[in-house]
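Containing PDB, C-alpha atoms, pLDDT in the B column: coords_21.pdb.
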ATOM      1  CA  MET A   1     118.653  82.037  83.205  1.00 91.00           C
ATOM      2  CA  VAL A   2     114.897  82.075  82.775  1.00 90.00           C
ATOM      3  CA  GLY A   3     112.270  79.402  82.337  1.00 87.00           C
ATOM      4  CA  PRO A   4     108.810  79.217  80.763  1.00 85.00           C
ATOM      5  CA  ARG A   5     107.240  82.588  79.916  1.00 83.00           C
ATOM      6  CA  GLY A   6     110.568  84.235  80.697  1.00 86.00           C
ATOM      7  CA  CYS A   7     110.142  83.733  84.441  1.00 93.00           C
ATOM      8  CA  PHE A   8     113.309  83.441  86.538  1.00 95.00           C
ATOM      9  CA  VAL A   9     111.743  81.143  89.155  1.00 95.00           C
ATOM     10  CA  ARG A  10     109.865  78.738  86.859  1.00 94.00           C
ATOM     11  CA  GLN A  11     111.377  75.464  85.684  1.00 91.00           C
ATOM     12  CA  ALA A  12     110.324  73.155  82.866  1.00 86.00           C
ATOM     13  CA  GLY A  13     106.670  72.304  83.428  1.00 85.00           C
ATOM     14  CA  SER A  14     106.148  75.733  85.061  1.00 84.00           C
ATOM     15  CA  ALA A  15     106.648  74.615  88.675  1.00 92.00           C
ATOM     16  CA  THR A  16     108.345  77.323  90.735  1.00 95.00           C
ATOM     17  CA  THR A  17     111.774  77.004  92.338  1.00 95.00           C
ATOM     18  CA  LEU A  18     114.059  79.290  94.330  1.00 97.00           C
ATOM     19  CA  GLU A  19     117.236  77.532  93.167  1.00 96.00           C
ATOM     20  CA  PRO A  20     118.059  80.125  90.473  1.00 97.00           C
ATOM     21  CA  ALA A  21     117.560  82.978  92.940  1.00 97.00           C
ATOM     22  CA  GLN A  22     119.884  81.368  95.492  1.00 97.00           C
ATOM     23  CA  ALA A  23     122.484  80.680  92.798  1.00 97.00           C
ATOM     24  CA  LEU A  24     122.327  84.321  91.741  1.00 98.00           C
ATOM     25  CA  VAL A  25     122.800  85.470  95.341  1.00 98.00           C
ATOM     26  CA  ASP A  26     125.821  83.166  95.717  1.00 98.00           C
ATOM     27  CA  LEU A  27     127.295  84.404  92.439  1.00 97.00           C
ATOM     28  CA  LEU A  28     126.961  88.058  93.420  1.00 97.00           C
ATOM     29  CA  ASP A  29     128.265  87.428  96.948  1.00 97.00           C
ATOM     30  CA  ALA A  30     131.340  85.755  95.434  1.00 97.00           C
ATOM     31  CA  GLY A  31     132.065  88.886  93.402  1.00 95.00           C
ATOM     32  CA  VAL A  32     131.724  87.123  90.058  1.00 95.00           C
ATOM     33  CA  GLN A  33     130.823  89.499  87.240  1.00 95.00           C
ATOM     34  CA  LEU A  34     127.583  88.516  85.520  1.00 97.00           C
ATOM     35  CA  VAL A  35     127.048  89.566  81.899  1.00 98.00           C
ATOM     36  CA  LEU A  36     123.706  88.882  80.247  1.00 98.00           C
ATOM     37  CA  VAL A  37     123.971  87.704  76.627  1.00 97.00           C
ATOM     38  CA  SER A  38     120.708  87.923  74.750  1.00 96.00           C
ATOM     39  CA  GLY A  39     118.810  88.565  71.562  1.00 94.00           C
ATOM     40  CA  ARG A  40     116.848  91.243  73.403  1.00 94.00           C
ATOM     41  CA  SER A  41     117.340  94.939  72.708  1.00 96.00           C
ATOM     42  CA  ARG A  42     119.446  97.397  74.684  1.00 95.00           C
ATOM     43  CA  LEU A  43     116.361  99.039  76.196  1.00 94.00           C
ATOM     44  CA  GLN A  44     114.966  95.684  77.284  1.00 94.00           C
ATOM     45  CA  LEU A  45     118.228  94.650  78.930  1.00 96.00           C
ATOM     46  CA  ILE A  46     119.064  97.835  80.843  1.00 95.00           C
ATOM     47  CA  GLU A  47     116.347  97.194  83.414  1.00 94.00           C
ATOM     48  CA  THR A  48     116.837  93.429  83.342  1.00 95.00           C
ATOM     49  CA  ALA A  49     120.538  93.804  84.075  1.00 96.00           C
ATOM     50  CA  GLY A  50     119.715  95.999  87.060  1.00 94.00           C
ATOM     51  CA  VAL A  51     117.247  93.471  88.444  1.00 95.00           C
ATOM     52  CA  PHE A  52     119.777  90.628  88.192  1.00 97.00           C
ATOM     53  CA  GLY A  53     122.711  92.716  89.452  1.00 96.00           C
ATOM     54  CA  ALA A  54     124.590  92.196  86.192  1.00 97.00           C
ATOM     55  CA  ASP A  55     127.805  94.070  85.516  1.00 96.00           C
ATOM     56  CA  GLY A  56     127.007  94.297  81.817  1.00 97.00           C
ATOM     57  CA  PHE A  57     125.059  92.863  78.921  1.00 98.00           C
ATOM     58  CA  ILE A  58     125.354  91.912  75.278  1.00 98.00           C
ATOM     59  CA  ALA A  59     122.254  92.799  73.263  1.00 97.00           C
ATOM     60  CA  GLU A  60     120.880  91.783  69.864  1.00 96.00           C
ATOM     61  CA  ILE A  61     123.058  88.623  69.744  1.00 95.00           C
ATOM     62  CA  GLY A  62     126.246  90.695  69.804  1.00 96.00           C
ATOM     63  CA  GLY A  63     125.325  93.943  68.109  1.00 95.00           C
ATOM     64  CA  LEU A  64     125.761  95.998  71.278  1.00 96.00           C
ATOM     65  CA  VAL A  65     127.940  95.513  74.381  1.00 97.00           C
ATOM     66  CA  ALA A  66     127.201  97.424  77.591  1.00 97.00           C
ATOM     67  CA  TRP A  67     128.983  97.647  80.918  1.00 96.00           C
ATOM     68  CA  ARG A  68     128.698  99.612  84.147  1.00 92.00           C
ATOM     69  CA  GLY A  69     130.826 102.745  84.295  1.00 83.00           C
ATOM     70  CA  GLU A  70     132.408 104.353  87.338  1.00 79.00           C
ATOM     71  CA  ASP A  71     129.112 106.049  88.203  1.00 79.00           C
ATOM     72  CA  THR A  72     127.317 102.641  87.940  1.00 80.00           C
ATOM     73  CA  ARG A  73     125.362 103.708  84.854  1.00 88.00           C
ATOM     74  CA  PHE A  74     125.636 101.604  81.715  1.00 93.00           C
ATOM     75  CA  THR A  75     127.928 102.589  78.874  1.00 94.00           C
ATOM     76  CA  TRP A  76     127.455 100.820  75.551  1.00 94.00           C
ATOM     77  CA  GLN A  77     129.319 100.261  72.337  1.00 94.00           C
ATOM     78  CA  SER A  78     128.033  99.126  68.953  1.00 93.00           C
ATOM     79  CA  LEU A  79     130.289  96.485  67.430  1.00 93.00           C
ATOM     80  CA  PRO A  80     131.391  96.661  63.785  1.00 90.00           C
ATOM     81  CA  ALA A  81     129.522  94.714  61.137  1.00 90.00           C
ATOM     82  CA  SER A  82     130.286  93.851  57.528  1.00 91.00           C
ATOM     83  CA  GLY A  83     127.553  96.057  56.094  1.00 91.00           C
ATOM     84  CA  PRO A  84     124.315  97.963  56.701  1.00 93.00           C
ATOM     85  CA  ALA A  85     121.221  96.630  58.408  1.00 92.00           C
ATOM     86  CA  VAL A  86     118.296  95.347  56.370  1.00 94.00           C
ATOM     87  CA  THR A  87     116.079  97.994  54.750  1.00 95.00           C
ATOM     88  CA  PRO A  88     112.283  97.957  55.206  1.00 96.00           C
ATOM     89  CA  ALA A  89     111.769  97.301  51.491  1.00 97.00           C
ATOM     90  CA  LEU A  90     114.142  94.345  51.441  1.00 97.00           C
ATOM     91  CA  LEU A  91     112.609  92.936  54.632  1.00 97.00           C
ATOM     92  CA  ALA A  92     109.100  93.141  53.170  1.00 97.00           C
ATOM     93  CA  ALA A  93     110.195  91.377  49.985  1.00 97.00           C
ATOM     94  CA  MET A  94     112.004  88.663  51.949  1.00 97.00           C
ATOM     95  CA  LEU A  95     108.980  87.962  54.154  1.00 97.00           C
ATOM     96  CA  GLU A  96     106.728  87.787  51.109  1.00 97.00           C
ATOM     97  CA  GLN A  97     109.047  85.193  49.582  1.00 96.00           C
ATOM     98  CA  HIS A  98     109.530  83.249  52.841  1.00 96.00           C
ATOM     99  CA  ALA A  99     106.015  83.131  54.261  1.00 94.00           C
ATOM    100  CA  ASP A 100     106.945  80.931  57.251  1.00 96.00           C
ATOM    101  CA  LEU A 101     108.812  83.892  58.773  1.00 97.00           C
ATOM    102  CA  ALA A 102     107.321  86.999  60.411  1.00 97.00           C
ATOM    103  CA  VAL A 103     108.568  89.934  62.445  1.00 97.00           C
ATOM    104  CA  TYR A 104     108.386  88.898  66.096  1.00 97.00           C
ATOM    105  CA  GLU A 105     106.171  91.608  67.524  1.00 95.00           C
ATOM    106  CA  PRO A 106     106.178  93.283  69.970  1.00 94.00           C
ATOM    107  CA  TYR A 107     109.637  92.013  70.891  1.00 93.00           C
ATOM    108  CA  ASN A 108     111.291  93.493  67.819  1.00 96.00           C
ATOM    109  CA  GLU A 109     110.510  97.017  69.018  1.00 95.00           C
ATOM    110  CA  GLY A 110     113.616  99.007  69.929  1.00 94.00           C
ATOM    111  CA  HIS A 111     116.094  96.842  68.025  1.00 95.00           C
ATOM    112  CA  GLU A 112     118.921  98.942  66.621  1.00 93.00           C
ATOM    113  CA  VAL A 113     121.149  96.477  64.774  1.00 93.00           C
ATOM    114  CA  ASP A 114     119.025  93.511  63.731  1.00 95.00           C
ATOM    115  CA  VAL A 115     115.457  92.482  62.976  1.00 97.00           C
ATOM    116  CA  LEU A 116     113.925  89.889  65.279  1.00 97.00           C
ATOM    117  CA  LEU A 117     111.845  87.284  63.437  1.00 97.00           C
ATOM    118  CA  ARG A 118     109.922  84.161  64.398  1.00 97.00           C
ATOM    119  CA  GLY A 119     108.904  81.072  62.516  1.00 97.00           C
ATOM    120  CA  PHE A 120     110.470  78.297  60.482  1.00 94.00           C
ATOM    121  CA  ALA A 121     113.254  78.855  57.976  1.00 93.00           C
ATOM    122  CA  ASP A 122     115.927  77.202  55.912  1.00 94.00           C
ATOM    123  CA  ALA A 123     118.663  79.700  56.798  1.00 95.00           C
ATOM    124  CA  PRO A 124     120.976  78.894  53.832  1.00 96.00           C
ATOM    125  CA  ALA A 125     118.044  79.299  51.431  1.00 97.00           C
ATOM    126  CA  VAL A 126     117.081  82.650  52.961  1.00 97.00           C
ATOM    127  CA  GLU A 127     120.686  83.857  52.826  1.00 97.00           C
ATOM    128  CA  ALA A 128     120.971  82.742  49.192  1.00 98.00           C
ATOM    129  CA  TRP A 129     117.840  84.778  48.402  1.00 98.00           C
ATOM    130  CA  LEU A 130     119.366  87.789  50.177  1.00 97.00           C
ATOM    131  CA  ALA A 131     122.586  87.428  48.184  1.00 97.00           C
ATOM    132  CA  ASP A 132     120.593  87.350  44.951  1.00 98.00           C
ATOM    133  CA  HIS A 133     118.989  90.629  46.003  1.00 97.00           C
ATOM    134  CA  GLY A 134     122.187  92.513  46.798  1.00 96.00           C
ATOM    135  CA  ALA A 135     122.463  91.755  50.513  1.00 97.00           C
ATOM    136  CA  ALA A 136     125.070  88.991  50.685  1.00 97.00           C
ATOM    137  CA  HIS A 137     126.356  90.456  53.956  1.00 96.00           C
ATOM    138  CA  LEU A 138     123.146  89.659  55.881  1.00 97.00           C
ATOM    139  CA  ARG A 139     122.833  86.509  57.960  1.00 96.00           C
ATOM    140  CA  LEU A 140     119.861  84.700  59.507  1.00 96.00           C
ATOM    141  CA  ARG A 141     120.895  83.420  62.931  1.00 94.00           C
ATOM    142  CA  ASP A 142     119.005  80.877  65.014  1.00 91.00           C
ATOM    143  CA  ASN A 143     118.585  81.997  68.631  1.00 90.00           C
ATOM    144  CA  GLY A 144     116.512  79.070  69.837  1.00 87.00           C
ATOM    145  CA  LEU A 145     113.143  77.357  69.838  1.00 86.00           C
ATOM    146  CA  LEU A 146     110.074  79.347  70.888  1.00 89.00           C
ATOM    147  CA  PRO A 147     107.050  78.022  72.820  1.00 83.00           C
ATOM    148  CA  ARG A 148     103.490  77.636  71.532  1.00 82.00           C
ATOM    149  CA  ASN A 149     104.574  76.317  68.101  1.00 87.00           C
ATOM    150  CA  LEU A 150     105.953  79.714  67.089  1.00 91.00           C
ATOM    151  CA  GLY A 151     109.039  78.122  65.554  1.00 93.00           C
ATOM    152  CA  HIS A 152     112.460  79.590  66.245  1.00 93.00           C
ATOM    153  CA  ALA A 153     113.642  83.077  67.140  1.00 94.00           C
ATOM    154  CA  TRP A 154     115.698  84.343  64.199  1.00 96.00           C
ATOM    155  CA  HIS A 155     117.888  87.425  63.973  1.00 96.00           C
ATOM    156  CA  LEU A 156     118.466  89.042  60.605  1.00 97.00           C
ATOM    157  CA  ILE A 157     121.768  90.778  61.148  1.00 95.00           C
ATOM    158  CA  PRO A 158     124.884  91.863  59.244  1.00 96.00           C
ATOM    159  CA  ASP A 159     127.706  89.334  59.102  1.00 95.00           C
ATOM    160  CA  GLY A 160     130.455  89.774  61.669  1.00 93.00           C
ATOM    161  CA  VAL A 161     127.989  90.223  64.526  1.00 95.00           C
ATOM    162  CA  SER A 162     127.606  87.269  66.889  1.00 95.00           C
ATOM    163  CA  LYS A 163     127.409  86.455  70.572  1.00 96.00           C
ATOM    164  CA  GLY A 164     130.847  84.821  70.389  1.00 97.00           C
ATOM    165  CA  ALA A 165     132.512  87.855  68.821  1.00 96.00           C
ATOM    166  CA  ALA A 166     130.896  90.139  71.394  1.00 97.00           C
ATOM    167  CA  VAL A 167     132.027  87.940  74.299  1.00 98.00           C
ATOM    168  CA  ALA A 168     135.596  87.984  72.968  1.00 97.00           C
ATOM    169  CA  TRP A 169     135.458  91.783  72.604  1.00 97.00           C
ATOM    170  CA  ASP A 170     134.083  92.284  76.117  1.00 98.00           C
ATOM    171  CA  LEU A 171     136.642  89.980  77.724  1.00 98.00           C
ATOM    172  CA  ALA A 172     139.467  91.836  75.982  1.00 97.00           C
ATOM    173  CA  ARG A 173     138.002  95.163  77.147  1.00 96.00           C
ATOM    174  CA  ARG A 174     138.036  93.838  80.713  1.00 96.00           C
ATOM    175  CA  GLY A 175     141.614  92.581  80.390  1.00 97.00           C
ATOM    176  CA  LEU A 176     140.499  88.972  80.775  1.00 97.00           C
ATOM    177  CA  THR A 177     141.228  85.813  78.807  1.00 97.00           C
ATOM    178  CA  ALA A 178     138.918  83.016  77.742  1.00 97.00           C
ATOM    179  CA  HIS A 179     140.044  80.960  80.755  1.00 95.00           C
ATOM    180  CA  ASP A 180     138.639  83.641  83.065  1.00 95.00           C
ATOM    181  CA  ALA A 181     135.073  83.101  81.848  1.00 96.00           C
ATOM    182  CA  ILE A 182     132.310  80.556  81.451  1.00 97.00           C
ATOM    183  CA  ALA A 183     129.193  80.904  79.312  1.00 98.00           C
ATOM    184  CA  VAL A 184     125.777  79.268  79.448  1.00 98.00           C
ATOM    185  CA  GLY A 185     123.227  78.873  76.671  1.00 96.00           C
ATOM    186  CA  ASP A 186     120.714  76.682  74.896  1.00 93.00           C
ATOM    187  CA  SER A 187     120.679  77.762  71.233  1.00 90.00           C
ATOM    188  CA  VAL A 188     122.817  77.290  68.128  1.00 88.00           C
ATOM    189  CA  GLU A 189     123.863  80.935  68.365  1.00 91.00           C
ATOM    190  CA  ASP A 190     124.780  80.490  72.045  1.00 94.00           C
ATOM    191  CA  LEU A 191     127.128  77.641  71.176  1.00 94.00           C
ATOM    192  CA  GLY A 192     129.196  80.144  69.199  1.00 95.00           C
ATOM    193  CA  MET A 193     130.439  81.494  72.546  1.00 97.00           C
ATOM    194  CA  ALA A 194     132.183  78.213  73.363  1.00 97.00           C
ATOM    195  CA  PRO A 195     135.484  78.945  71.533  1.00 97.00           C
ATOM    196  CA  HIS A 196     135.821  82.234  73.441  1.00 98.00           C
ATOM    197  CA  VAL A 197     135.458  80.948  77.033  1.00 98.00           C
ATOM    198  CA  GLY A 198     137.123  78.342  79.192  1.00 97.00           C
ATOM    199  CA  ARG A 199     133.955  76.304  79.690  1.00 97.00           C
ATOM    200  CA  PHE A 200     130.557  76.416  78.046  1.00 97.00           C
ATOM    201  CA  PHE A 201     127.466  74.886  79.630  1.00 97.00           C
ATOM    202  CA  LEU A 202     124.714  73.797  77.260  1.00 96.00           C
ATOM    203  CA  CYS A 203     121.368  73.556  79.043  1.00 95.00           C
ATOM    204  CA  ARG A 204     119.861  70.132  78.456  1.00 94.00           C
ATOM    205  CA  ASN A 205     116.695  71.442  76.819  1.00 92.00           C
ATOM    206  CA  ALA A 206     118.867  72.401  73.818  1.00 91.00           C
ATOM    207  CA  LEU A 207     119.200  68.743  72.860  1.00 90.00           C
ATOM    208  CA  SER A 208     115.522  68.652  71.890  1.00 85.00           C
ATOM    209  CA  HIS A 209     116.167  71.340  69.283  1.00 81.00           C
ATOM    210  CA  PRO A 210     117.370  70.587  65.746  1.00 74.00           C
ATOM    211  CA  GLY A 211     121.058  71.287  65.202  1.00 73.00           C
ATOM    212  CA  PHE A 212     122.562  69.647  68.279  1.00 80.00           C
ATOM    213  CA  ASP A 213     124.470  66.380  68.453  1.00 83.00           C
ATOM    214  CA  GLU A 214     125.557  65.654  72.022  1.00 84.00           C
ATOM    215  CA  HIS A 215     128.415  63.496  70.732  1.00 85.00           C
ATOM    216  CA  ALA A 216     129.829  66.157  68.398  1.00 88.00           C
ATOM    217  CA  LEU A 217     130.130  69.113  70.764  1.00 93.00           C
ATOM    218  CA  PRO A 218     133.432  70.945  71.373  1.00 93.00           C
ATOM    219  CA  ALA A 219     135.633  69.547  74.131  1.00 95.00           C
ATOM    220  CA  ASN A 220     134.969  72.439  76.524  1.00 96.00           C
ATOM    221  CA  VAL A 221     131.174  72.024  76.350  1.00 97.00           C
ATOM    222  CA  THR A 222     129.316  70.393  79.247  1.00 95.00           C
ATOM    223  CA  VAL A 223     125.656  69.432  78.854  1.00 95.00           C
ATOM    224  CA  THR A 224     123.809  70.129  82.084  1.00 96.00           C
ATOM    225  CA  GLU A 225     121.746  67.460  83.786  1.00 96.00           C
ATOM    226  CA  ARG A 226     118.725  69.761  84.033  1.00 95.00           C
ATOM    227  CA  PRO A 227     117.100  72.165  81.547  1.00 95.00           C
ATOM    228  CA  LEU A 228     116.531  75.931  81.386  1.00 94.00           C
ATOM    229  CA  GLY A 229     117.222  77.930  84.556  1.00 94.00           C
ATOM    230  CA  LEU A 230     118.143  74.853  86.556  1.00 96.00           C
ATOM    231  CA  GLY A 231     120.853  74.169  83.991  1.00 96.00           C
ATOM    232  CA  TRP A 232     122.082  77.703  84.614  1.00 97.00           C
ATOM    233  CA  VAL A 233     122.179  76.866  88.330  1.00 97.00           C
ATOM    234  CA  GLU A 234     124.458  73.892  87.578  1.00 97.00           C
ATOM    235  CA  ALA A 235     126.806  76.148  85.631  1.00 96.00           C
ATOM    236  CA  VAL A 236     126.955  78.670  88.485  1.00 97.00           C
ATOM    237  CA  ARG A 237     127.675  75.928  91.018  1.00 96.00           C
ATOM    238  CA  ALA A 238     130.454  74.552  88.819  1.00 92.00           C
ATOM    239  CA  ALA A 239     131.982  77.990  88.373  1.00 90.00           C
ATOM    240  CA  LEU A 240     131.939  78.770  92.090  1.00 94.00           C
ATOM    241  CA  HIS A 241     133.474  75.423  93.081  1.00 89.00           C
ATOM    242  CA  SER A 242     136.104  75.097  90.339  1.00 75.00           C
ATOM    243  CA  PRO A 243     139.726  75.881  91.260  1.00 64.00           C
TER     244      PRO A 243
END
What's the structure tokens form of this structure?
Amino acid sequence: MVGPRGCFVRQAGSATTLEPAQALVDLLDAGVQLVLVSGRSRLQLIETAGVFGADGFIAEIGGLVAWRGEDTRFTWQSLPASGPAVTPALLAAMLEQHADLAVYEPYNEGHEVDVLLRGFADAPAVEAWLADHGAAHLRLRDNGLLPRNLGHAWHLIPDGVSKGAAVAWDLARRGLTAHDAIAVGDSVEDLGMAPHVGRFFLCRNALSHPGFDEHALPANVTVTERPLGLGWVEAVRAALHSP
């Protein structure tokens, strides 16, 4: 939904635009439930969800699902994982071994399920190192390219946790099926939502990131014509005008 520097009304190149704001107004007026899906923490998303009028949010790439209760306050549920979170000692040893990774401060503050990292990594190599050190259940997940040559945002999280699994859980909780939902994203981890929704919109800026082949995407994936928040606008327009 957001553009450069996390701003809702900035597009690629940092020019401002009101298109995302108008799309959000149209979405809310149509009564469509908006759920934010993010690598951000629960505390970061509570206020953000209120600002955007969201009905719920998925935090820490699927570790926590929250929704508005009858009194409009958020209720949240931690989703099951295959094992415990990383320990400080193991994290320190891993970062010493893999010097191109670092804790992504201050954005890691408040995380309850995962550790948010930044930098460059060979995920299979990191996971092999973790397995050799008694943590085969931990996974390093790519949540997209960062600006200013900071590399990628990585989440070190127990296996079984993912945005896709959380979306499936939340839809079932709401009594909805995959065909009742669309999802929008621009990272490898976001693409994991595609099997759990009727349509997935991949914002065009994702194609500049390693790991994407436009000709090998699932059948229900549409690549938007425009990047970042303007790609989100395209997805909203498609959702509101589809039968």
Expected selection from the PyMOL selection byres ((chain A and resi 235) around 12), given as a VMD selection string: chain A and resid 1 20 23 to 24 27 181 to 185 199 to 204 221 to 234 236 to 242
Could you please take those selected residues and save C-alpha atoms as a PDB file, keeping the file's coordinate frame?
ATOM      1  CA  MET A   1     118.653  82.037  83.205  1.00 91.00           C
ATOM      2  CA  PRO A  20     118.059  80.125  90.473  1.00 97.00           C
ATOM      3  CA  ALA A  23     122.484  80.680  92.798  1.00 97.00           C
ATOM      4  CA  LEU A  24     122.327  84.321  91.741  1.00 98.00           C
ATOM      5  CA  LEU A  27     127.295  84.404  92.439  1.00 97.00           C
ATOM      6  CA  ALA A 181     135.073  83.101  81.848  1.00 96.00           C
ATOM      7  CA  ILE A 182     132.310  80.556  81.451  1.00 97.00           C
ATOM      8  CA  ALA A 183     129.193  80.904  79.312  1.00 98.00           C
ATOM      9  CA  VAL A 184     125.777  79.268  79.448  1.00 98.00           C
ATOM     10  CA  GLY A 185     123.227  78.873  76.671  1.00 96.00           C
ATOM     11  CA  ARG A 199     133.955  76.304  79.690  1.00 97.00           C
ATOM     12  CA  PHE A 200     130.557  76.416  78.046  1.00 97.00           C
ATOM     13  CA  PHE A 201     127.466  74.886  79.630  1.00 97.00           C
ATOM     14  CA  LEU A 202     124.714  73.797  77.260  1.00 96.00           C
ATOM     15  CA  CYS A 203     121.368  73.556  79.043  1.00 95.00           C
ATOM     16  CA  ARG A 204     119.861  70.132  78.456  1.00 94.00           C
ATOM     17  CA  VAL A 221     131.174  72.024  76.350  1.00 97.00           C
ATOM     18  CA  THR A 222     129.316  70.393  79.247  1.00 95.00           C
ATOM     19  CA  VAL A 223     125.656  69.432  78.854  1.00 95.00           C
ATOM     20  CA  THR A 224     123.809  70.129  82.084  1.00 96.00           C
ATOM     21  CA  GLU A 225     121.746  67.460  83.786  1.00 96.00           C
ATOM     22  CA  ARG A 226     118.725  69.761  84.033  1.00 95.00           C
ATOM     23  CA  PRO A 227     117.100  72.165  81.547  1.00 95.00           C
ATOM     24  CA  LEU A 228     116.531  75.931  81.386  1.00 94.00           C
ATOM     25  CA  GLY A 229     117.222  77.930  84.556  1.00 94.00           C
ATOM     26  CA  LEU A 230     118.143  74.853  86.556  1.00 96.00           C
ATOM     27  CA  GLY A 231     120.853  74.169  83.991  1.00 96.00           C
ATOM     28  CA  TRP A 232     122.082  77.703  84.614  1.00 97.00           C
ATOM     29  CA  VAL A 233     122.179  76.866  88.330  1.00 97.00           C
ATOM     30  CA  GLU A 234     124.458  73.892  87.578  1.00 97.00           C
ATOM     31  CA  VAL A 236     126.955  78.670  88.485  1.00 97.00           C
ATOM     32  CA  ARG A 237     127.675  75.928  91.018  1.00 96.00           C
ATOM     33  CA  ALA A 238     130.454  74.552  88.819  1.00 92.00           C
ATOM     34  CA  ALA A 239     131.982  77.990  88.373  1.00 90.00           C
ATOM     35  CA  LEU A 240     131.939  78.770  92.090  1.00 94.00           C
ATOM     36  CA  HIS A 241     133.474  75.423  93.081  1.00 89.00           C
ATOM     37  CA  SER A 242     136.104  75.097  90.339  1.00 75.00           C
TER      38      SER A 242
END
What residues come out when you apply the PyMOL selection byres ((chain A and resi 53) around 12) to this file, written as a PDB file with C-alpha atoms, in the coordinates of the input?
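Result file is selection_15.pdb:
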ATOM      1  CA  ALA A  21     117.560  82.978  92.940  1.00 97.00           C
ATOM      2  CA  LEU A  24     122.327  84.321  91.741  1.00 98.00           C
ATOM      3  CA  VAL A  25     122.800  85.470  95.341  1.00 98.00           C
ATOM      4  CA  ASP A  26     125.821  83.166  95.717  1.00 98.00           C
ATOM      5  CA  LEU A  27     127.295  84.404  92.439  1.00 97.00           C
ATOM      6  CA  LEU A  28     126.961  88.058  93.420  1.00 97.00           C
ATOM      7  CA  ASP A  29     128.265  87.428  96.948  1.00 97.00           C
ATOM      8  CA  GLY A  31     132.065  88.886  93.402  1.00 95.00           C
ATOM      9  CA  VAL A  32     131.724  87.123  90.058  1.00 95.00           C
ATOM     10  CA  GLN A  33     130.823  89.499  87.240  1.00 95.00           C
ATOM     11  CA  LEU A  34     127.583  88.516  85.520  1.00 97.00           C
ATOM     12  CA  VAL A  35     127.048  89.566  81.899  1.00 98.00           C
ATOM     13  CA  LEU A  36     123.706  88.882  80.247  1.00 98.00           C
ATOM     14  CA  LEU A  45     118.228  94.650  78.930  1.00 96.00           C
ATOM     15  CA  ILE A  46     119.064  97.835  80.843  1.00 95.00           C
ATOM     16  CA  GLU A  47     116.347  97.194  83.414  1.00 94.00           C
ATOM     17  CA  THR A  48     116.837  93.429  83.342  1.00 95.00           C
ATOM     18  CA  ALA A  49     120.538  93.804  84.075  1.00 96.00           C
ATOM     19  CA  GLY A  50     119.715  95.999  87.060  1.00 94.00           C
ATOM     20  CA  VAL A  51     117.247  93.471  88.444  1.00 95.00           C
ATOM     21  CA  PHE A  52     119.777  90.628  88.192  1.00 97.00           C
ATOM     22  CA  ALA A  54     124.590  92.196  86.192  1.00 97.00           C
ATOM     23  CA  ASP A  55     127.805  94.070  85.516  1.00 96.00           C
ATOM     24  CA  GLY A  56     127.007  94.297  81.817  1.00 97.00           C
ATOM     25  CA  PHE A  57     125.059  92.863  78.921  1.00 98.00           C
ATOM     26  CA  TRP A  67     128.983  97.647  80.918  1.00 96.00           C
ATOM     27  CA  ARG A  68     128.698  99.612  84.147  1.00 92.00           C
ATOM     28  CA  THR A  72     127.317 102.641  87.940  1.00 80.00           C
TER      29      THR A  72
END
Length of the CA of Ala135 (chain A) to CA of Pro158 (chain A) vector [Å]: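 It comes out at 9.1 Å.
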Interatomic distance (Å, one decimal) between CA of Gln97 (chain A) and CA of Ala125 (chain A):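 CA of Ala125 (chain A) lies at a distance of 10.9 Å from CA of Gln97 (chain A).
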Point (117.9, 69.5, 71.1) neighbourhood (12 Å, all atoms listed in the file) written as an mmCIF file with C-alpha atoms, keeping the file's coordinate frame:
data_model
loop_
_atom_site.group_PDB
_atom_site.id
_atom_site.type_symbol
_atom_site.label_atom_id
_atom_site.label_comp_id
_atom_site.auth_asym_id
_atom_site.auth_seq_id
_atom_site.Cartn_x
_atom_site.Cartn_y
_atom_site.Cartn_z
ATOM 1 C CA GLY A 144 116.512 79.070 69.837
ATOM 2 C CA LEU A 145 113.143 77.357 69.838
ATOM 3 C CA ASP A 186 120.714 76.682 74.896
ATOM 4 C CA SER A 187 120.679 77.762 71.233
ATOM 5 C CA VAL A 188 122.817 77.290 68.128
ATOM 6 C CA LEU A 202 124.714 73.797 77.260
ATOM 7 C CA CYS A 203 121.368 73.556 79.043
ATOM 8 C CA ARG A 204 119.861 70.132 78.456
ATOM 9 C CA ASN A 205 116.695 71.442 76.819
ATOM 10 C CA ALA A 206 118.867 72.401 73.818
ATOM 11 C CA LEU A 207 119.200 68.743 72.860
ATOM 12 C CA SER A 208 115.522 68.652 71.890
ATOM 13 C CA HIS A 209 116.167 71.340 69.283
ATOM 14 C CA PRO A 210 117.370 70.587 65.746
ATOM 15 C CA GLY A 211 121.058 71.287 65.202
ATOM 16 C CA PHE A 212 122.562 69.647 68.279
ATOM 17 C CA ASP A 213 124.470 66.380 68.453
ATOM 18 C CA GLU A 214 125.557 65.654 72.022
ATOM 19 C CA VAL A 223 125.656 69.432 78.854
ATOM 20 C CA PRO A 227 117.100 72.165 81.547
#
I'd like the residues picked by the PyMOL selection byres ((chain A and resi 60) around 9) written out as a compact mmCIF listing (two decimals) with C-alpha atoms, keeping the file's coordinate frame, using the chain letters and numbers from the file.
# COMPACT_ATOMS: atom_id res chain seq x y z
CA VAL A 37 123.97 87.70 76.63
CA SER A 38 120.71 87.92 74.75
CA GLY A 39 118.81 88.56 71.56
CA ARG A 40 116.85 91.24 73.40
CA SER A 41 117.34 94.94 72.71
CA ARG A 42 119.45 97.40 74.68
CA ILE A 58 125.35 91.91 75.28
CA ALA A 59 122.25 92.80 73.26
CA ILE A 61 123.06 88.62 69.74
CA GLY A 62 126.25 90.70 69.80
CA GLY A 63 125.32 93.94 68.11
CA LEU A 64 125.76 96.00 71.28
CA HIS A 111 116.09 96.84 68.03
CA GLU A 112 118.92 98.94 66.62
CA VAL A 113 121.15 96.48 64.77
CA ASP A 114 119.02 93.51 63.73
CA VAL A 115 115.46 92.48 62.98
CA LEU A 116 113.92 89.89 65.28
CA HIS A 155 117.89 87.42 63.97
CA ILE A 157 121.77 90.78 61.15
CA SER A 162 127.61 87.27 66.89
CA LYS A 163 127.41 86.46 70.57
